[in-house]
Amino acid sequence: MPLYVGNRQELELNIVAMRAGGWSIRALCKHFKIGRNTVRRILRRNQANRDVANDGPQRKLCRKSSLDPFAPRIQTLLEQFPDITGLRMFEELRAAGYQGGITILRDRLRSMRRRPKREPVVRFETEPGVQGQMDWSPYTIPFQREGKTTVLCFSYVLGFSRRQFIDFNLHRDFHTMIRRHRDAFEYFGGVPRQCLYDGEKTVILRWEAGRPVINPAFAAFITHYWCKPMGVRRARTKGKVERPFQFVENNLLNARRFQDLDDLKATARWWMREKSDSHLHDTTNRIVLELFMEQEASALTPLPLHPYDCSEVALRVCTVDGFIEFDTNLYSVPYECVADILTFKATENEVFIYNQEFDLVARHERLPLGAIRKLENPDHRRKPSVRYGLEPVRESFLALGEGAQFFLTGLKRKQPRNCGFHARFILQLKEKYHCDDINGALAHAARYQAFDANAVSRILAARANPRTLESIRNDKARDALRSALPEIKQRPLEEYSTLLAGGSGGRDAKDD
């Protein structure tokens, strides 16, 4: 324990008085049980106060430095090389005779180097209904049921009234983003004329010549609502949407517990109505909802008659056991669709599956991404005896072409018990190869009596070019567009010859 236990002011007075009485610094340290540097600081501060007039500003005592003789050289080098580093300056001064250290040199450079003035952040205010700003922010929430989970807060703020829409999601993929945009527009009852985005890759693919290249899929969505996306390079330009995240953290998420994501989303909807809309904004000095209703609500672009369809659409090949895979989960379809290329449409809550004639063959509740679960409708499994047989897929297999007929005849003769399995395996190859290529591989295999699914797979790998199911969809879209366009027929060249001859004859007759 220190010998002295009084207050700080009394301690300093005793040290100054004892020092004036002849005590050494070491003796003072031992007496008061404090450090040597502490004693020195107290004594220096007292001496500085004695040297400065009571009615004037305190001036800093300047000491001589070993760098003082080299100050002109330092200034010259800084003018010639503004970006010179401390190490390079040290090397130059060493060559000129400097014997000091690099630390005091770096301190001197910081005081001498010209610093560019920081550009002030200007708050851009917009008229009602002109601008919105959107962003994401991650949070780790200790859910009571599921434990710690990282969620993403989607925030959309109107630039004039500062009215805010938020929602929490597990992912920030493209379809989730446009669904939250649609929810925000419906919450506001309208759409601003433009919206700011910074590094959102689902919106801005890249920058070229200082201008953003907008994702065409997002452009199709945002133009449906007559809103113009605006790209900005600096996040601070979007301060109207960045700052409200602090309000979310300190008011919505602070000192609250949530059971799961659904509980968090429900609380967020309550918070928007009861807290966010009714709070007094620091910048506008107005209640957010009042300012919105008075001036901005009527200035927003009205919503379209039909909201944008934010469903995910893809093609899938039905597996041999009658399932479609999507987002790590399996959804059952009737056995009649085994090995067919089916159209898959997923909304936020449901899954719809259509056959090649676009008849709805299955409908399921959508499972969460990563659940790795299997949803099976009992009505799809009414014939378990033919689950792996040939009959359910015979028609689809023969539809591949003439080569499939020859191959199937030999397959039934060579492998009568497993021909259903081999046929299903070959039909699964439609996920990677065109049906014409598969038909050609079957004919090639039949020519060499190789009635085996693995042999067909090897032939395709050696002779055919793989393609994706998306290319099939693009081909279908191109064919649909071609059929919708009017047919253009070229006139026979004889008609032009007759026309030219008639025109020439008319001129000749006129000249005569």
# chains A, B, ... in the order shown; residues from 1 in each chain; ligands from 1

$ select_by_dssp --residues "stretch 71-279 of chain A" --states "helix (DSSP H, G or I)" --output "count of residues only"
88

$ residues_around --residues "stretch 274-283 of chain A" --least-positions-apart "4" --cutoff "9 Å" --atoms "only C-alpha atoms" --output "list in words"
Ser161, Arg162, Arg163, Gln164, Phe165, Phe247, Val248, Asn251, Leu252, Arg269, Trp270, Ile287, Val288, Leu289 and Glu290 of chain A

$ residues_around --residues "A:Gly410" --least-positions-apart "3" --cutoff "12 Å" --atoms "only C-alpha atoms" --output "list in words"
Gly403, Ala404, Gln405, Phe406, Phe407, Arg413, Lys414, Gln415, Pro416, Cys419, His422, Ala423, Leu442, Ala443, Ala445, Ala446, Arg447, Tyr448, Gln449, Ala450, Phe451 and Asp452 of chain A

$ atom_distance --atom1 "atom CA of A:His171" --atom2 "atom CA of A:Glu200"
13.5 Å

$ residues_around --residues "A:Phe221" --least-positions-apart "4" --cutoff "9 Å" --atoms "only C-alpha atoms" --output "MDAnalysis selection string"
chainID A and resid 178 216:217 225 308:310

$ write_last_selection --atoms "C-alpha atoms" --output "tab-separated table (two decimals), in the first residue's frame"
chain	number	residue	atom	x	y	z
A	178	ILE	CA	-36.80	-7.96	-55.00
A	216	PRO	CA	-30.93	-6.91	-66.48
A	217	ALA	CA	-33.05	-9.10	-64.19
A	225	TYR	CA	-42.60	-0.03	-60.73
A	308	TYR	CA	-44.31	-8.07	-60.02
A	309	ASP	CA	-44.08	-11.87	-59.96
A	310	CYS	CA	-40.99	-12.54	-57.83

$ closest_residue --among "A:Trp226, A:Phe70, A:Phe168, A:Phe292" --to "A:Phe188" --atoms "only C-alpha atoms"
A:Phe292

$ atom_distance --atom1 "atom CA of A:Arg373" --atom2 "atom CA of A:Thr328"
7.6 Å
